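Enquirer: What follows is run.txt, made up of compact mmCIF, C-alpha atoms and all ligand atoms:
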# COMPACT_ATOMS: atom_id res chain seq x y z
CA MET N 7 0.00 0.00 0.00
CA LEU N 8 1.07 3.53 -0.70
CA LYS N 9 1.21 6.14 2.02
CA ASP N 10 -1.14 9.07 1.41
CA ASP N 11 1.53 11.69 0.72
CA VAL N 12 3.45 9.38 -1.64
CA GLU N 13 0.23 8.55 -3.49
CA ARG N 14 -0.63 12.25 -3.80
CA GLU N 15 2.82 13.17 -5.14
CA LEU N 16 2.85 10.26 -7.61
CA ASN N 17 -0.48 11.59 -8.89
CA VAL N 18 1.04 15.07 -9.19
CA GLN N 19 3.82 13.48 -11.25
CA ILE N 20 1.32 11.90 -13.67
CA GLY N 21 0.20 15.50 -14.29
CA GLU N 22 3.78 16.77 -14.59
CA GLU N 23 4.65 14.15 -17.22
CA THR N 24 1.42 14.85 -19.10
CA ALA N 25 2.13 18.59 -18.94
CA SER N 26 5.59 17.81 -20.38
CA ALA N 27 3.93 16.02 -23.31
CA TRP N 28 1.56 18.97 -23.74
CA LEU N 29 4.46 21.44 -23.75
CA TYR N 30 6.47 19.46 -26.32
CA LEU N 31 3.42 18.96 -28.51
CA SER N 32 2.87 22.72 -28.43
CA MET N 33 6.52 23.21 -29.42
CA ALA N 34 6.07 20.65 -32.23
CA ALA N 35 3.08 22.61 -33.53
CA TRP N 36 5.06 25.86 -33.37
CA PHE N 37 7.99 24.30 -35.29
CA GLU N 38 5.48 23.08 -37.91
CA SER N 39 4.26 26.65 -38.28
CA MET N 40 7.89 27.75 -38.74
CA ASN N 41 8.39 25.25 -41.59
CA LEU N 42 10.88 23.23 -39.56
CA PRO N 43 9.44 19.69 -39.83
CA GLY N 44 12.56 18.00 -38.42
CA PHE N 45 12.44 20.08 -35.22
CA ALA N 46 8.69 19.38 -35.06
CA ASN N 47 9.40 15.65 -35.40
CA TRP N 48 11.92 15.72 -32.54
CA MET N 49 9.40 17.46 -30.28
CA PHE N 50 6.60 15.12 -31.30
CA VAL N 51 8.73 12.08 -30.41
CA GLN N 52 9.62 13.78 -27.12
CA ALA N 53 5.90 14.27 -26.37
CA GLN N 54 5.27 10.57 -27.04
CA GLU N 55 8.01 9.63 -24.57
CA GLU N 56 6.49 11.87 -21.91
CA LEU N 57 3.13 10.15 -22.29
CA VAL N 58 4.88 6.83 -21.68
CA HIS N 59 6.40 8.33 -18.51
CA ALA N 60 2.91 9.42 -17.38
CA ARG N 61 1.64 5.90 -18.07
CA MET N 62 4.48 4.38 -16.04
CA PHE N 63 3.47 6.44 -12.98
CA TYR N 64 -0.20 5.63 -13.63
CA ASP N 65 0.50 1.90 -13.74
CA PHE N 66 2.75 2.04 -10.69
CA VAL N 67 0.07 3.73 -8.54
CA HIS N 68 -2.37 0.97 -9.51
CA GLU N 69 0.17 -1.79 -8.91
CA ARG N 70 0.56 -0.47 -5.38
CA ARG N 71 -3.22 -0.55 -4.89
CA GLY N 72 -3.37 3.24 -5.00
CA ARG N 73 -5.98 5.45 -6.60
CA VAL N 74 -5.16 7.55 -9.66
CA ILE N 75 -6.72 11.01 -9.46
CA LEU N 76 -6.10 13.27 -12.45
CA GLY N 77 -5.94 17.03 -12.12
CA ALA N 78 -6.02 19.95 -14.56
CA ILE N 79 -3.26 20.43 -17.12
CA ALA N 80 -2.41 24.10 -17.69
CA ALA N 81 -2.29 25.43 -21.25
CA PRO N 82 1.32 25.45 -22.50
CA PRO N 83 2.99 28.45 -24.13
CA THR N 84 2.33 28.55 -27.87
CA GLU N 85 5.13 30.70 -29.23
CA TRP N 86 8.85 31.16 -28.78
CA ALA N 87 11.12 33.90 -30.12
CA SER N 88 13.43 31.43 -31.87
CA PRO N 89 14.29 27.71 -32.08
CA LEU N 90 17.08 28.39 -29.57
CA GLU N 91 14.61 29.92 -27.11
CA ALA N 92 12.29 26.92 -27.50
CA PHE N 93 15.10 24.46 -26.75
CA GLU N 94 16.32 26.55 -23.83
CA ALA N 95 12.75 26.36 -22.48
CA ALA N 96 12.72 22.59 -23.05
CA PHE N 97 16.02 22.27 -21.16
CA ALA N 98 14.72 24.42 -18.27
CA HIS N 99 11.60 22.27 -18.16
CA GLU N 100 13.68 19.08 -17.89
CA VAL N 101 15.66 20.63 -15.01
CA HIS N 102 12.31 21.26 -13.28
CA ILE N 103 11.26 17.62 -13.87
CA THR N 104 14.59 16.42 -12.48
CA GLU N 105 13.90 18.44 -9.32
CA ARG N 106 10.48 16.78 -9.06
CA ILE N 107 12.00 13.30 -9.44
CA HIS N 108 14.61 14.09 -6.79
CA PHE N 109 11.91 15.45 -4.48
CA LEU N 110 9.89 12.23 -4.93
CA THR N 111 13.01 10.15 -4.31
CA GLY N 112 13.69 12.04 -1.07
CA LEU N 113 10.07 11.56 0.02
CA ALA N 114 10.21 7.80 -0.66
CA ASP N 115 13.42 7.63 1.37
CA ARG N 116 11.95 9.54 4.31
CA VAL N 117 8.93 7.25 4.61
CA ALA N 118 10.97 4.09 3.82
CA ASP N 119 8.86 3.32 0.74
CA TYR N 120 11.44 1.08 -0.93
CA PRO N 121 9.33 -0.05 -3.92
CA THR N 122 8.73 3.59 -4.88
CA ARG N 123 12.42 4.29 -4.34
CA VAL N 124 13.38 1.47 -6.71
CA PHE N 125 10.75 2.52 -9.26
CA LEU N 126 12.10 6.10 -9.26
CA HIS N 127 15.65 4.92 -9.91
CA TRP N 128 14.84 4.55 -13.62
CA PHE N 129 13.61 8.16 -13.73
CA VAL N 130 16.71 9.49 -11.95
CA THR N 131 18.84 7.97 -14.74
CA GLU N 132 16.38 9.00 -17.45
CA GLN N 133 16.52 12.65 -16.34
CA VAL N 134 20.29 12.75 -16.80
CA GLU N 135 19.68 11.74 -20.42
CA GLU N 136 16.71 14.10 -20.84
CA GLU N 137 18.72 17.13 -19.73
CA ALA N 138 21.71 16.10 -21.85
CA SER N 139 19.70 15.60 -25.04
CA ALA N 140 17.92 18.98 -24.78
CA ASP N 141 21.20 20.71 -23.86
CA GLU N 142 22.99 19.11 -26.81
CA ILE N 143 20.56 20.79 -29.20
CA VAL N 144 20.82 24.12 -27.33
CA GLN N 145 24.60 23.93 -27.81
CA LYS N 146 24.30 23.04 -31.50
CA LEU N 147 21.91 25.94 -32.09
CA ARG N 148 24.33 28.30 -30.36
CA MET N 149 27.24 26.98 -32.38
CA LEU N 150 25.52 26.96 -35.76
CA GLY N 151 23.77 30.22 -35.19
CA GLU N 152 20.23 30.42 -36.42
CA THR N 153 21.12 31.11 -40.00
CA GLY N 154 19.36 29.41 -42.87
CA SER N 155 21.90 26.73 -43.73
CA GLY N 156 22.74 25.75 -40.14
CA LEU N 157 19.09 25.50 -39.24
CA PHE N 158 18.36 23.49 -42.38
CA MET N 159 21.09 20.98 -41.55
CA LEU N 160 19.95 20.57 -37.96
CA ASP N 161 16.34 20.25 -39.12
CA ARG N 162 17.35 17.33 -41.33
CA GLU N 163 19.19 15.67 -38.44
CA LEU N 164 16.30 16.09 -35.97
CA GLY N 165 13.91 14.72 -38.58
CA THR N 166 15.56 11.30 -38.26
CA ARG N 167 14.53 10.77 -34.63
CA VAL N 168 12.09 7.89 -34.22
CA PHE N 169 9.97 6.95 -31.25
CA THR N 170 11.05 3.81 -29.44
CA PRO N 171 9.10 3.06 -26.27
CA PRO N 172 11.38 3.44 -23.24
CA ALA N 173 12.30 0.14 -21.64
CA ALA N 174 10.27 0.17 -18.44
CA PRO N 175 11.92 -0.78 -15.17
CA ALA N 176 11.10 -4.13 -13.64
CA THR N 177 8.85 -3.63 -10.63
FE FE G 201 9.37 12.58 -18.44
FE FE G 202 11.36 14.63 -20.21
Show the structure stored in the file as structure tokens.
Expert:
Amino acid sequence: MLKDDVERELNVQIGEETASAWLYLSMAAWFESMNLPGFANWMFVQAQEELVHARMFYDFVHERRGRVILGAIAAPPTEWASPLEAFEAAFAHEVHITERIHFLTGLADRVADYPTRVFLHWFVTEQVEEEASADEIVQKLRMLGETGSGLFMLDRELGTRVFTPPAAPAT
């Protein structure tokens, strides 16, 4: 059984992961409107991954005989000043999610909820990768500058990303 505060925070995290998907889908739509289909593809794949994360928390709450309660998802921003600004926002968002995962990990530790602690381990590792992959594109955008040819090349590269469902942790 889950303790009440752990159950509540795991439910909050279902919302956080869904809000992440909503944010990246909004960024995908903005990149489409900017005629950058490769950037849009990258963001769309990212949104799909976030929905898998939400589903992992959803399933975990049920596995622990908890109750899933969904809350409101706030409307995401719809425009960014530049591709660089969008990716900086994506990076900042991942830093926020990392803080959430660390907060949850600390909570599980404090109440000696070892199954939740083990479950979160996958997300601790995942967040290292999430921050690194957003930051890598921020750095490339800075390096290339946002000129036509640099952006075109990066758009082609980001267009090759395909969705592969994350390998879920064994629980
Ligand atoms: Fe996530
Ligand atoms: Fe993420």
Enquirer: Hey, can I get the axis-aligned box for stretch 59-78 of chain N? All listed atoms, 5 Å padding on each side, centre and edge lengths in Å to one decimal, as JSON.
Expert:
{"center_x": -0.2, "center_y": 9.1, "center_z": -11.7, "size_x": 23.1, "size_y": 31.7, "size_z": 23.6}
Enquirer: Can I get the residues of chain N within 6 Å of ligand FE 202 (chain G), each with the closest pair of atoms and their distance in Å to one decimal, using all atoms listed in the file, sorted chain first then ascending number, as CSV?
Expert:
residue,atom,partner,partner_atom,distance
N:Glu56,CA,G:FE202,FE,5.9
N:Glu100,CA,G:FE202,FE,5.5
N:Glu136,CA,G:FE202,FE,5.4
Enquirer: Under the rule that only C-alpha atoms and all ligand atoms are counted, which of N:Met40, N:Ile20, N:Leu90, N:Ala81 is the nearest residue to ligand FE 201 (chain G)?
Expert: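 Between N:Met40, N:Ile20, N:Leu90, N:Ala81, the residue approaching ligand FE 201 (chain G) most closely is N:Ile20.
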Enquirer: Would you please work out which residue, of N:Leu29, N:Leu147, N:Ala46, N:Ile103, is nearest to N:Phe129 when using only C-alpha atoms?
Expert: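 Of N:Leu29, N:Leu147, N:Ala46, N:Ile103, the one nearest N:Phe129, counting only C-alpha atoms, is N:Ile103.
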Enquirer: Counting all atoms listed in the file, what are the residues of chain N within 10 Å of ligand FE 201 (chain G), and for each of them which pair of atoms is the nearest and at what distance in Å, to one decimal? Sort the table by chain and rising number, as JSON lines.
Expert:
{"residue": "N:Gln19", "atom": "CA", "partner": "G:FE201", "partner_atom": "FE", "distance": 9.1}
{"residue": "N:Ile20", "atom": "CA", "partner": "G:FE201", "partner_atom": "FE", "distance": 9.4}
{"residue": "N:Glu22", "atom": "CA", "partner": "G:FE201", "partner_atom": "FE", "distance": 8.0}
{"residue": "N:Glu23", "atom": "CA", "partner": "G:FE201", "partner_atom": "FE", "distance": 5.1}
{"residue": "N:Thr24", "atom": "CA", "partner": "G:FE201", "partner_atom": "FE", "distance": 8.3}
{"residue": "N:Ala25", "atom": "CA", "partner": "G:FE201", "partner_atom": "FE", "distance": 9.4}
{"residue": "N:Ser26", "atom": "CA", "partner": "G:FE201", "partner_atom": "FE", "distance": 6.7}
{"residue": "N:Ala27", "atom": "CA", "partner": "G:FE201", "partner_atom": "FE", "distance": 8.1}
{"residue": "N:Gln52", "atom": "CA", "partner": "G:FE201", "partner_atom": "FE", "distance": 8.8}
{"residue": "N:Ala53", "atom": "CA", "partner": "G:FE201", "partner_atom": "FE", "distance": 8.8}
{"residue": "N:Gln54", "atom": "CA", "partner": "G:FE201", "partner_atom": "FE", "distance": 9.7}
{"residue": "N:Glu55", "atom": "CA", "partner": "G:FE201", "partner_atom": "FE", "distance": 6.9}
{"residue": "N:Glu56", "atom": "CA", "partner": "G:FE201", "partner_atom": "FE", "distance": 4.6}
{"residue": "N:Leu57", "atom": "CA", "partner": "G:FE201", "partner_atom": "FE", "distance": 7.7}
{"residue": "N:Val58", "atom": "CA", "partner": "G:FE201", "partner_atom": "FE", "distance": 8.0}
{"residue": "N:His59", "atom": "CA", "partner": "G:FE201", "partner_atom": "FE", "distance": 5.2}
{"residue": "N:Ala60", "atom": "CA", "partner": "G:FE201", "partner_atom": "FE", "distance": 7.3}
{"residue": "N:Met62", "atom": "CA", "partner": "G:FE201", "partner_atom": "FE", "distance": 9.8}
{"residue": "N:His99", "atom": "CA", "partner": "G:FE201", "partner_atom": "FE", "distance": 9.9}
{"residue": "N:Glu100", "atom": "CA", "partner": "G:FE201", "partner_atom": "FE", "distance": 7.8}
{"residue": "N:Ile103", "atom": "CA", "partner": "G:FE201", "partner_atom": "FE", "distance": 7.1}
{"residue": "N:Thr104", "atom": "CA", "partner": "G:FE201", "partner_atom": "FE", "distance": 8.8}
{"residue": "N:Ile107", "atom": "CA", "partner": "G:FE201", "partner_atom": "FE", "distance": 9.4}
{"residue": "N:Phe129", "atom": "CA", "partner": "G:FE201", "partner_atom": "FE", "distance": 7.7}
{"residue": "N:Glu132", "atom": "CA", "partner": "G:FE201", "partner_atom": "FE", "distance": 7.9}
{"residue": "N:Gln133", "atom": "CA", "partner": "G:FE201", "partner_atom": "FE", "distance": 7.5}
{"residue": "N:Glu136", "atom": "CA", "partner": "G:FE201", "partner_atom": "FE", "distance": 7.9}
Enquirer: Rounded to one decimal, what separation in Å do you get between atom CA of N:His108 and atom CA of N:Pro172?
Expert: 19.9 Å
Enquirer: Neighbouring residues of N:Val74 were defined as those with any atom within 9 Å, considering all atoms listed in the file; residues of the same chain fewer than 3 positions away were excluded. Please report them as a PyMOL selection string.
Expert: chain N and resi 13-14+16-17+20+64-65+67-68
Enquirer: Find the residues around N:Ala95 up to 10 Å (only C-alpha atoms counted), leave out those fewer than 6 positions away in its own chain, and share them as a PyMOL selection string.
Expert: chain N and resi 29+33+86+89+101+140+144
Enquirer: Using atom CA of N:Tyr120 and atom CA of N:Leu8 as the two end points, give the distance in Å to one decimal.
Expert: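 Separation of atom CA of N:Tyr120 and atom CA of N:Leu8: 10.7 Å.
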